[in-house]
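Data file: target24.pdb. Format and content: PDB, C-alpha atoms.
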```
MODEL        1
ATOM      1  CA  MET A   1     -30.393  61.294 151.294
ATOM      2  CA  GLU A   2     -31.972  62.834 149.614
ATOM      3  CA  ARG A   3     -32.357  63.353 153.220
ATOM      4  CA  PHE A   4     -34.063  64.006 154.501
ATOM      5  CA  ILE A   5     -36.650  69.160 158.604
ATOM      6  CA  HIS A   6     -40.045  69.893 157.240
ATOM      7  CA  LEU A   7     -43.016  70.988 159.301
ATOM      8  CA  HIS A   8     -43.798  67.357 159.977
ATOM      9  CA  ARG A   9     -40.427  66.022 161.066
ATOM     10  CA  ASN A  10     -36.648  66.144 160.956
ATOM     11  CA  VAL A  11     -34.418  63.803 158.989
ATOM     12  CA  THR A  12     -32.221  61.553 161.104
ATOM     13  CA  HIS A  13     -31.930  57.801 161.404
ATOM     14  CA  GLN A  14     -32.207  54.809 163.752
ATOM     15  CA  ARG A  15     -31.703  53.859 167.378
ATOM     16  CA  ALA A  16     -28.441  53.312 169.270
ATOM     17  CA  SER A  17     -26.234  55.113 171.739
ATOM     18  CA  PRO A  18     -24.872  58.584 170.930
ATOM     19  CA  LEU A  19     -21.641  58.711 169.002
ATOM     20  CA  THR A  20     -18.290  58.551 170.725
ATOM     21  CA  PHE A  21     -16.003  60.811 168.745
ATOM     22  CA  SER A  22     -12.281  60.561 168.169
ATOM     23  CA  CYS A  23      -9.971  63.117 166.669
ATOM     24  CA  ALA A  24      -7.212  62.277 164.168
ATOM     25  CA  SER A  25      -4.517  64.808 163.497
ATOM     26  CA  ARG A  26      -2.546  62.930 160.851
ATOM     27  CA  LYS A  27      -2.797  63.905 157.211
ATOM     28  CA  ARG A  28      -5.501  61.968 155.389
ATOM     29  CA  ARG A  29      -5.420  60.491 151.927
ATOM     30  CA  VAL A  30      -8.818  60.731 150.269
ATOM     31  CA  ARG A  31      -9.980  58.877 147.189
ATOM     32  CA  ARG A  32     -13.488  59.449 145.943
ATOM     33  CA  ARG A  33     -15.996  57.835 143.641
ATOM     34  CA  ARG A  34     -18.932  59.871 142.498
ATOM     35  CA  HIS A  35     -22.337  58.235 142.339
ATOM     36  CA  PRO A  36     -23.249  57.803 138.638
ATOM     37  CA  SER A  37     -26.476  59.820 138.832
ATOM     38  CA  SER A  38     -24.592  62.714 140.430
ATOM     39  CA  ALA A  39     -21.909  63.227 137.800
ATOM     40  CA  VAL A  40     -23.686  66.104 136.051
ATOM     41  CA  MET A  41     -23.946  67.965 139.364
ATOM     42  CA  SER A  42     -20.328  67.561 140.403
ATOM     43  CA  LEU A  43     -19.371  71.186 139.824
ATOM     44  CA  ARG A  44     -22.019  72.438 142.251
ATOM     45  CA  PHE A  45     -20.234  71.118 145.330
ATOM     46  CA  THR A  46     -16.538  71.426 146.100
ATOM     47  CA  ASP A  47     -14.077  68.959 147.582
ATOM     48  CA  GLU A  48     -14.056  71.135 150.684
ATOM     49  CA  ASN A  49     -17.828  70.802 151.033
ATOM     50  CA  PHE A  50     -17.462  67.027 151.188
ATOM     51  CA  HIS A  51     -14.457  67.198 153.493
ATOM     52  CA  SER A  52     -16.305  69.450 155.944
ATOM     53  CA  ALA A  53     -19.205  66.999 156.097
ATOM     54  CA  TRP A  54     -17.312  63.775 156.815
ATOM     55  CA  LYS A  55     -14.876  65.567 159.115
ATOM     56  CA  GLU A  56     -17.677  66.135 161.632
ATOM     57  CA  LEU A  57     -17.862  62.386 162.200
ATOM     58  CA  ASP A  58     -14.509  62.812 163.972
ATOM     59  CA  GLU A  59     -14.594  66.420 165.138
ATOM     60  CA  PRO A  60     -18.090  67.892 165.619
ATOM     61  CA  GLN A  61     -18.091  71.643 165.024
ATOM     62  CA  LEU A  62     -20.422  72.934 167.738
ATOM     63  CA  ASP A  63     -18.836  76.235 168.729
ATOM     64  CA  GLY A  64     -20.415  79.584 167.955
ATOM     65  CA  GLY A  65     -23.805  79.223 169.569
ATOM     66  CA  TRP A  66     -24.783  75.597 168.910
ATOM     67  CA  GLU A  67     -26.867  74.076 171.711
ATOM     68  CA  LEU A  68     -28.087  70.573 172.473
ATOM     69  CA  PHE A  69     -31.738  70.609 171.418
ATOM     70  CA  THR A  70     -32.884  67.095 172.215
ATOM     71  CA  GLU A  71     -31.790  63.491 172.357
ATOM     72  CA  THR A  72     -34.176  60.839 171.099
ATOM     73  CA  MET A  73     -33.784  57.205 170.077
ATOM     74  CA  GLY A  74     -30.040  57.490 170.597
ATOM     75  CA  VAL A  75     -29.690  60.521 168.327
ATOM     76  CA  GLN A  76     -28.393  63.879 169.510
ATOM     77  CA  ILE A  77     -29.803  66.961 167.779
ATOM     78  CA  HIS A  78     -28.041  70.314 168.130
ATOM     79  CA  ARG A  79     -29.394  73.589 166.835
ATOM     80  CA  LEU A  80     -28.172  77.082 165.962
ATOM     81  CA  LEU A  81     -30.506  80.083 165.721
ATOM     82  CA  ASP A  82     -30.555  81.879 162.372
ATOM     83  CA  LYS A  83     -31.213  85.434 163.548
ATOM     84  CA  GLU A  84     -32.351  86.605 160.132
ATOM     85  CA  THR A  85     -35.210  84.094 159.818
ATOM     86  CA  GLY A  86     -35.839  83.160 163.464
ATOM     87  CA  LEU A  87     -35.480  79.509 162.456
ATOM     88  CA  TYR A  88     -32.869  76.972 163.479
ATOM     89  CA  GLU A  89     -30.174  75.117 161.620
ATOM     90  CA  TYR A  90     -29.663  71.584 162.905
ATOM     91  CA  LYS A  91     -26.812  69.127 163.319
ATOM     92  CA  VAL A  92     -27.590  65.502 164.046
ATOM     93  CA  PHE A  93     -25.187  62.905 165.447
ATOM     94  CA  GLY A  94     -26.071  59.290 166.065
ATOM     95  CA  VAL A  95     -25.790  55.618 165.162
ATOM     96  CA  LEU A  96     -28.066  53.399 163.066
ATOM     97  CA  ALA A  97     -27.774  50.152 164.929
ATOM     98  CA  THR A  98     -28.963  47.666 162.291
ATOM     99  CA  CYS A  99     -28.267  49.262 158.920
ATOM    100  CA  SER A 100     -25.002  49.375 156.979
ATOM    101  CA  ALA A 101     -23.655  52.713 155.772
ATOM    102  CA  GLU A 102     -23.856  51.762 152.101
ATOM    103  CA  LEU A 103     -27.461  50.573 152.514
ATOM    104  CA  CYS A 104     -28.374  53.846 154.217
ATOM    105  CA  ALA A 105     -26.813  55.786 151.372
ATOM    106  CA  ASP A 106     -28.641  53.719 148.764
ATOM    107  CA  VAL A 107     -32.002  54.135 150.513
ATOM    108  CA  TYR A 108     -31.386  57.857 150.916
ATOM    109  CA  MET A 109     -30.614  58.247 147.212
ATOM    110  CA  ASP A 110     -33.531  56.174 145.898
ATOM    111  CA  LEU A 111     -36.240  58.702 145.098
ATOM    112  CA  THR A 112     -38.683  56.153 143.699
ATOM    113  CA  TYR A 113     -38.449  54.028 146.820
ATOM    114  CA  ARG A 114     -38.989  57.034 149.063
ATOM    115  CA  LYS A 115     -42.406  57.570 147.502
ATOM    116  CA  HIS A 116     -43.320  54.081 148.763
ATOM    117  CA  TRP A 117     -42.420  54.659 152.421
ATOM    118  CA  ASP A 118     -42.698  58.422 152.929
ATOM    119  CA  LYS A 119     -46.378  59.343 153.143
ATOM    120  CA  TYR A 120     -45.543  63.055 152.911
ATOM    121  CA  ALA A 121     -43.881  62.804 149.488
ATOM    122  CA  LYS A 122     -46.578  63.756 146.984
ATOM    123  CA  GLU A 123     -44.200  64.110 144.034
ATOM    124  CA  LEU A 124     -40.502  63.258 143.930
ATOM    125  CA  TYR A 125     -38.392  62.773 140.827
ATOM    126  CA  GLU A 126     -35.191  63.786 139.064
ATOM    127  CA  LYS A 127     -35.609  65.598 135.764
ATOM    128  CA  ASP A 128     -33.822  67.629 133.137
ATOM    129  CA  PHE A 129     -35.013  71.233 133.298
ATOM    130  CA  ASP A 130     -33.853  73.007 130.127
ATOM    131  CA  GLY A 131     -30.513  71.209 130.163
ATOM    132  CA  GLU A 132     -30.054  71.279 133.936
ATOM    133  CA  THR A 133     -30.656  68.159 136.019
ATOM    134  CA  ALA A 134     -32.386  68.736 139.349
ATOM    135  CA  ILE A 135     -34.794  67.043 141.746
ATOM    136  CA  TYR A 136     -38.392  68.144 142.215
ATOM    137  CA  TRP A 137     -40.066  67.321 145.534
ATOM    138  CA  GLU A 138     -43.565  68.305 146.646
ATOM    139  CA  VAL A 139     -44.232  67.738 150.346
ATOM    140  CA  LYS A 140     -47.720  67.311 151.766
ATOM    141  CA  TYR A 141     -48.583  69.710 154.583
ATOM    142  CA  PRO A 142     -51.565  69.298 156.940
ATOM    143  CA  PHE A 143     -54.744  71.266 156.224
ATOM    144  CA  PRO A 144     -55.133  74.250 156.119
ATOM    145  CA  LEU A 145     -51.471  74.805 155.267
ATOM    146  CA  SER A 146     -50.320  74.853 151.646
ATOM    147  CA  ASN A 147     -48.000  72.153 150.369
ATOM    148  CA  ARG A 148     -44.350  73.070 149.847
ATOM    149  CA  ASP A 149     -42.154  72.081 146.959
ATOM    150  CA  TYR A 150     -38.401  71.977 146.484
ATOM    151  CA  VAL A 151     -36.173  72.130 143.456
ATOM    152  CA  TYR A 152     -32.711  71.067 144.492
ATOM    153  CA  VAL A 153     -29.446  69.539 143.345
ATOM    154  CA  ARG A 154     -27.726  66.643 145.031
ATOM    155  CA  GLU A 155     -24.455  64.758 144.808
ATOM    156  CA  ARG A 156     -23.174  61.579 146.448
ATOM    157  CA  ARG A 157     -19.529  60.622 146.791
ATOM    158  CA  ASP A 158     -18.220  57.313 148.100
ATOM    159  CA  LEU A 159     -14.927  58.231 149.766
ATOM    160  CA  ASP A 160     -11.877  56.247 150.783
ATOM    161  CA  VAL A 161     -10.157  58.151 153.584
ATOM    162  CA  ASN A 162      -6.997  56.239 154.548
ATOM    163  CA  GLY A 163      -8.900  52.982 154.232
ATOM    164  CA  ARG A 164     -12.078  54.290 155.853
ATOM    165  CA  LYS A 165     -15.162  54.029 153.654
ATOM    166  CA  ILE A 166     -17.356  57.087 154.075
ATOM    167  CA  TRP A 167     -20.483  57.967 152.116
ATOM    168  CA  VAL A 168     -21.278  61.685 151.802
ATOM    169  CA  ILE A 169     -24.408  63.169 150.238
ATOM    170  CA  LEU A 170     -24.862  66.925 149.765
ATOM    171  CA  ALA A 171     -27.981  68.793 148.671
ATOM    172  CA  ARG A 172     -29.054  72.420 148.314
ATOM    173  CA  SER A 173     -31.961  74.325 146.854
ATOM    174  CA  SER A 174     -31.515  75.466 143.257
ATOM    175  CA  PRO A 175     -33.702  78.528 142.645
ATOM    176  CA  GLU A 176     -31.863  79.121 139.382
ATOM    177  CA  THR A 177     -33.329  75.926 137.914
ATOM    178  CA  ALA A 178     -36.061  76.616 135.335
ATOM    179  CA  CYS A 179     -38.906  74.810 137.104
ATOM    180  CA  PRO A 180     -42.182  76.773 137.139
ATOM    181  CA  GLU A 181     -44.021  77.152 140.444
ATOM    182  CA  LYS A 182     -47.430  75.554 140.953
ATOM    183  CA  SER A 183     -50.552  77.416 141.963
ATOM    184  CA  GLY A 184     -51.352  76.787 145.625
ATOM    185  CA  VAL A 185     -47.916  75.297 146.393
ATOM    186  CA  LEU A 186     -45.209  77.372 148.085
ATOM    187  CA  ARG A 187     -41.685  77.062 146.701
ATOM    188  CA  VAL A 188     -38.897  76.575 149.280
ATOM    189  CA  ASN A 189     -35.780  78.385 148.065
ATOM    190  CA  ASP A 190     -33.673  78.179 151.209
ATOM    191  CA  TYR A 191     -32.765  74.556 151.882
ATOM    192  CA  LYS A 192     -29.514  72.708 152.454
ATOM    193  CA  GLN A 193     -28.500  69.327 153.768
ATOM    194  CA  SER A 194     -25.341  67.300 154.174
ATOM    195  CA  VAL A 195     -25.081  63.696 155.332
ATOM    196  CA  ALA A 196     -21.996  61.622 156.194
ATOM    197  CA  LEU A 197     -22.248  57.876 156.836
ATOM    198  CA  GLU A 198     -19.631  55.403 158.057
ATOM    199  CA  SER A 199     -19.667  51.914 159.566
ATOM    200  CA  ASP A 200     -19.706  51.829 163.358
ATOM    201  CA  GLY A 201     -17.399  48.818 163.275
ATOM    202  CA  ALA A 202     -20.250  46.350 163.779
ATOM    203  CA  ASN A 203     -23.548  46.127 161.887
ATOM    204  CA  GLY A 204     -24.545  49.760 162.228
ATOM    205  CA  THR A 205     -23.729  53.177 160.846
ATOM    206  CA  ARG A 206     -22.311  56.341 162.344
ATOM    207  CA  VAL A 207     -24.277  59.322 161.059
ATOM    208  CA  PHE A 208     -23.734  63.062 160.810
ATOM    209  CA  MET A 209     -26.360  65.351 159.298
ATOM    210  CA  ASN A 210     -26.503  69.135 158.894
ATOM    211  CA  TYR A 211     -29.850  70.649 157.896
ATOM    212  CA  PHE A 212     -31.585  73.970 157.309
ATOM    213  CA  ASP A 213     -34.990  74.555 155.770
ATOM    214  CA  ASN A 214     -37.077  77.723 155.599
ATOM    215  CA  PRO A 215     -40.621  76.694 154.545
ATOM    216  CA  GLY A 216     -41.797  80.295 154.268
ATOM    217  CA  GLY A 217     -45.431  81.344 154.347
ATOM    218  CA  MET A 218     -47.356  82.389 157.444
ATOM    219  CA  ILE A 219     -46.471  79.444 159.687
ATOM    220  CA  PRO A 220     -45.485  80.739 163.145
ATOM    221  CA  LYS A 221     -41.782  80.200 163.830
ATOM    222  CA  TRP A 222     -42.539  78.424 167.104
ATOM    223  CA  VAL A 223     -44.658  75.866 165.246
ATOM    224  CA  ILE A 224     -41.819  75.092 162.809
ATOM    225  CA  ASN A 225     -39.271  74.797 165.607
ATOM    226  CA  TRP A 226     -41.619  72.623 167.693
ATOM    227  CA  ALA A 227     -42.252  70.294 164.759
ATOM    228  CA  ALA A 228     -38.528  69.797 164.262
ATOM    229  CA  LYS A 229     -38.396  68.218 167.721
ATOM    230  CA  SER A 230     -41.702  66.365 167.861
ATOM    231  CA  GLY A 231     -41.443  64.849 164.406
ATOM    232  CA  VAL A 232     -38.120  63.063 164.879
ATOM    233  CA  PRO A 233     -39.370  59.746 166.355
ATOM    234  CA  GLY A 234     -41.845  59.208 163.517
ATOM    235  CA  PHE A 235     -39.238  59.711 160.859
ATOM    236  CA  LEU A 236     -36.766  57.445 162.658
ATOM    237  CA  THR A 237     -39.316  54.660 162.684
ATOM    238  CA  ASP A 238     -40.125  55.146 158.995
ATOM    239  CA  MET A 239     -36.460  55.233 158.001
ATOM    240  CA  GLN A 240     -35.711  52.114 160.011
ATOM    241  CA  LYS A 241     -38.479  50.214 158.232
ATOM    242  CA  ALA A 242     -37.337  51.558 154.860
ATOM    243  CA  CYS A 243     -33.822  50.194 155.340
ATOM    244  CA  SER A 244     -35.029  46.795 156.529
ATOM    245  CA  ASN A 245     -37.502  46.480 153.622
ATOM    246  CA  TYR A 246     -35.236  47.758 150.849
ATOM    247  CA  LYS A 247     -34.019  44.343 149.685
ATOM    248  CA  ASN A 248     -37.591  43.065 149.340
ATOM    249  CA  TYR A 249     -38.564  46.202 147.469
ATOM    250  CA  LEU A 250     -35.761  45.766 144.958
ATOM    251  CA  GLN A 251     -36.691  42.123 144.423
ATOM    252  CA  SER A 252     -40.344  42.994 143.891
ATOM    253  CA  THR A 253     -39.478  45.604 141.269
ATOM    254  CA  GLY A 254     -36.841  43.500 139.547
ATOM    255  CA  ALA A 255     -34.223  46.176 140.159
TER     256      ALA A 255
ENDMDL
END
```

What do you get writing this file as structure tokens?
Amino acid sequence: MERFIHLHRNVTHQRASPLTFSCASRKRRVRRRRHPSSAVMSLRFTDENFHSAWKELDEPQLDGGWELFTETMGVQIHRLLDKETGLYEYKVFGVLATCSAELCADVYMDLTYRKHWDKYAKELYEKDFDGETAIYWEVKYPFPLSNRDYVYVRERRDLDVNGRKIWVILARSSPETACPEKSGVLRVNDYKQSVALESDGANGTRVFMNYFDNPGGMIPKWVINWAAKSGVPGFLTDMQKACSNYKNYLQSTGA
């Protein structure tokens, strides 16, 4: 989930105190279950990709130039400058105080539901493009900017790590997918995201997210970087409501 930093906002989750991290040096036994809708994409992400994501729940990798960008609603956001683009890659650490990890993963994966609660999602669906399954996502941008769209692949794995249940979702842009571009909409070809979710031991969820997005076009870099910070609270509020309303949504649709 099918998380989700666009010009409008970054993708994190709900309120709580920042994570307290612990390190475990013993060898881990990992069992995994792939999400059914992700099976056809399984070769696009490696076991190491998933391991690297959930590992940051225990041992955040913040060396090499990462800096604390902001802390809001109990979520810490770190950033790393990409010198080639002038944009930042982000890592997010936090706790969702009132939402279980499995519920968060389900909400994140549900593309149809996202169109109900995310006012910036103009189009969002999974489709077969000439034998290759991918997700198409058009994001509304404020006038006079052009909308952006994404074609990306995604995979979810539900992991058992020595008895710990951890949900990991990976996504990356897929420029090789045969999806024609639309007139007046800019295609984003440089996008990646990883999310790891685990119970906080109570009713909440520990969260790690890694994110990079280059929207392209003529948007000044300072505007993009500013929006990544200013847009967080709005998305947190929307995501919180989405999790709390998910059960009612499923009942109303008969799912």

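Among the candidate residues A:Leu145, A:Cys243, A:Leu250, A:Ala171, the one lying nearest to Gly217 in chain A is A:Leu145, with distances computed using only C-alpha atoms.
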
Going by the chain IDs and residue numbers used in this file, which residues fall under the PyMOL selection byres ((chain A and resi 203) around 7)? Write them as a list in words.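 After applying the PyMOL selection byres ((chain A and resi 203) around 7), what remains is Ala97, Thr98, Cys99, Ser100, Gly201, Ala202 and Gly204 of chain A.
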
I want to know what sits within 12 Å of Trp222 in chain A, based on all atoms listed in the file, with residues of the same chain fewer than 3 positions away left out; could you give that as number ranges by chain? A: 7, 85-88, 218-219, 225-229

Please expand the PyMOL selection byres ((chain A and resi 168) around 6) into the concrete residues it hits in this file, giving the result as a ChimeraX atom specification. /A:156-157,167,169,195-196

Expected file: the selected residues, C-alpha atoms, as a PDB file, in the coordinates of the input:
```pdb
ATOM      1  CA  ARG A 156     -23.174  61.579 146.448  1.00  0.00           C
ATOM      2  CA  ARG A 157     -19.529  60.622 146.791  1.00  0.00           C
ATOM      3  CA  TRP A 167     -20.483  57.967 152.116  1.00  0.00           C
ATOM      4  CA  ILE A 169     -24.408  63.169 150.238  1.00  0.00           C
ATOM      5  CA  VAL A 195     -25.081  63.696 155.332  1.00  0.00           C
ATOM      6  CA  ALA A 196     -21.996  61.622 156.194  1.00  0.00           C
TER       7      ALA A 196
END
```

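Reported to one decimal place, the separation of CA of Val153 in chain A from CA of Glu176 in chain A is 10.6 Å.
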
Tell me, in Å to one decimal, how far CA of Val151 in chain A is from CA of Cys179 in chain A.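 It comes out at 7.4 Å.
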
For the file shown, what are the residues hit by the PyMOL selection byres ((chain A and resi 148) around 8), laid out as number ranges by chain? A: 138-141, 146-147, 149-150, 185-188, 215

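Using all atoms listed in the file, the protein and nucleic acid residues lying at most 6 Å from the point (-26.2, 60.7, 164.4) are Val75, Val92, Phe93, Gly94, Val95, Val207 and Phe208 of chain A.
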
Restricted to C-alpha atoms, what would the selected residues look like written as a compact mmCIF listing (two decimals), in the coordinates of the input?
```txt
# COMPACT_ATOMS: atom_id res chain seq x y z
CA VAL A 75 -29.69 60.52 168.33
CA VAL A 92 -27.59 65.50 164.05
CA PHE A 93 -25.19 62.90 165.45
CA GLY A 94 -26.07 59.29 166.06
CA VAL A 95 -25.79 55.62 165.16
CA VAL A 207 -24.28 59.32 161.06
CA PHE A 208 -23.73 63.06 160.81
```

So how many Å separate CA of Ser52 in chain A and CA of Met73 in chain A, to one decimal? 25.6 Å

So which residues touch Asp190 in chain A within 9 Å, counting only C-alpha atoms, skipping near sequence neighbours fewer than 6 positions away, as a ChimeraX atom specification? /A:172-175,212-216

Fewer than 3 positions away in the same chain doesn't count, so skip those; otherwise give me all residues within 10 Å of Lys55 in chain A, counting all atoms listed in the file, as a ChimeraX atom specification. /A:23-24,50-52,58-61,196,208

Determine the axis-aligned bounding box of all atoms of range 166-180 of chain A present in the file, pad each side by 4 Å, and express its centre and edge lengths in Å to one decimal place as JSON.
```
{"center_x": -29.8, "center_y": 68.1, "center_z": 144.7, "size_x": 32.8, "size_y": 30.0, "size_z": 26.7}
```

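Between Asn248 in chain A and the residues A:Glu126, A:Tyr113, A:Leu170, A:Pro180, the shortest atom-to-atom distance, using all atoms listed in the file, involves A:Tyr113.
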
A:Arg44, A:Lys91, A:Asp200, A:Tyr108: which is nearest Glu71 in chain A, counting only C-alpha atoms?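 Between A:Arg44, A:Lys91, A:Asp200, A:Tyr108, the residue approaching Glu71 in chain A most closely is A:Lys91.
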
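Among the candidates A:Cys104, A:Thr177, A:Tyr152, A:Val223, the one nearest to Ala242 in chain A when counting all atoms listed in the file is A:Cys104.
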
Residue with smallest distance to Leu68 in chain A - pool A:Glu89, A:Lys241, A:His116, A:Tyr246, counting only C-alpha atoms: A:Glu89

Of A:Leu80, A:Gly74, A:Thr253, A:Thr133, the one nearest to Leu62 in chain A when counting all atoms listed in the file is A:Leu80
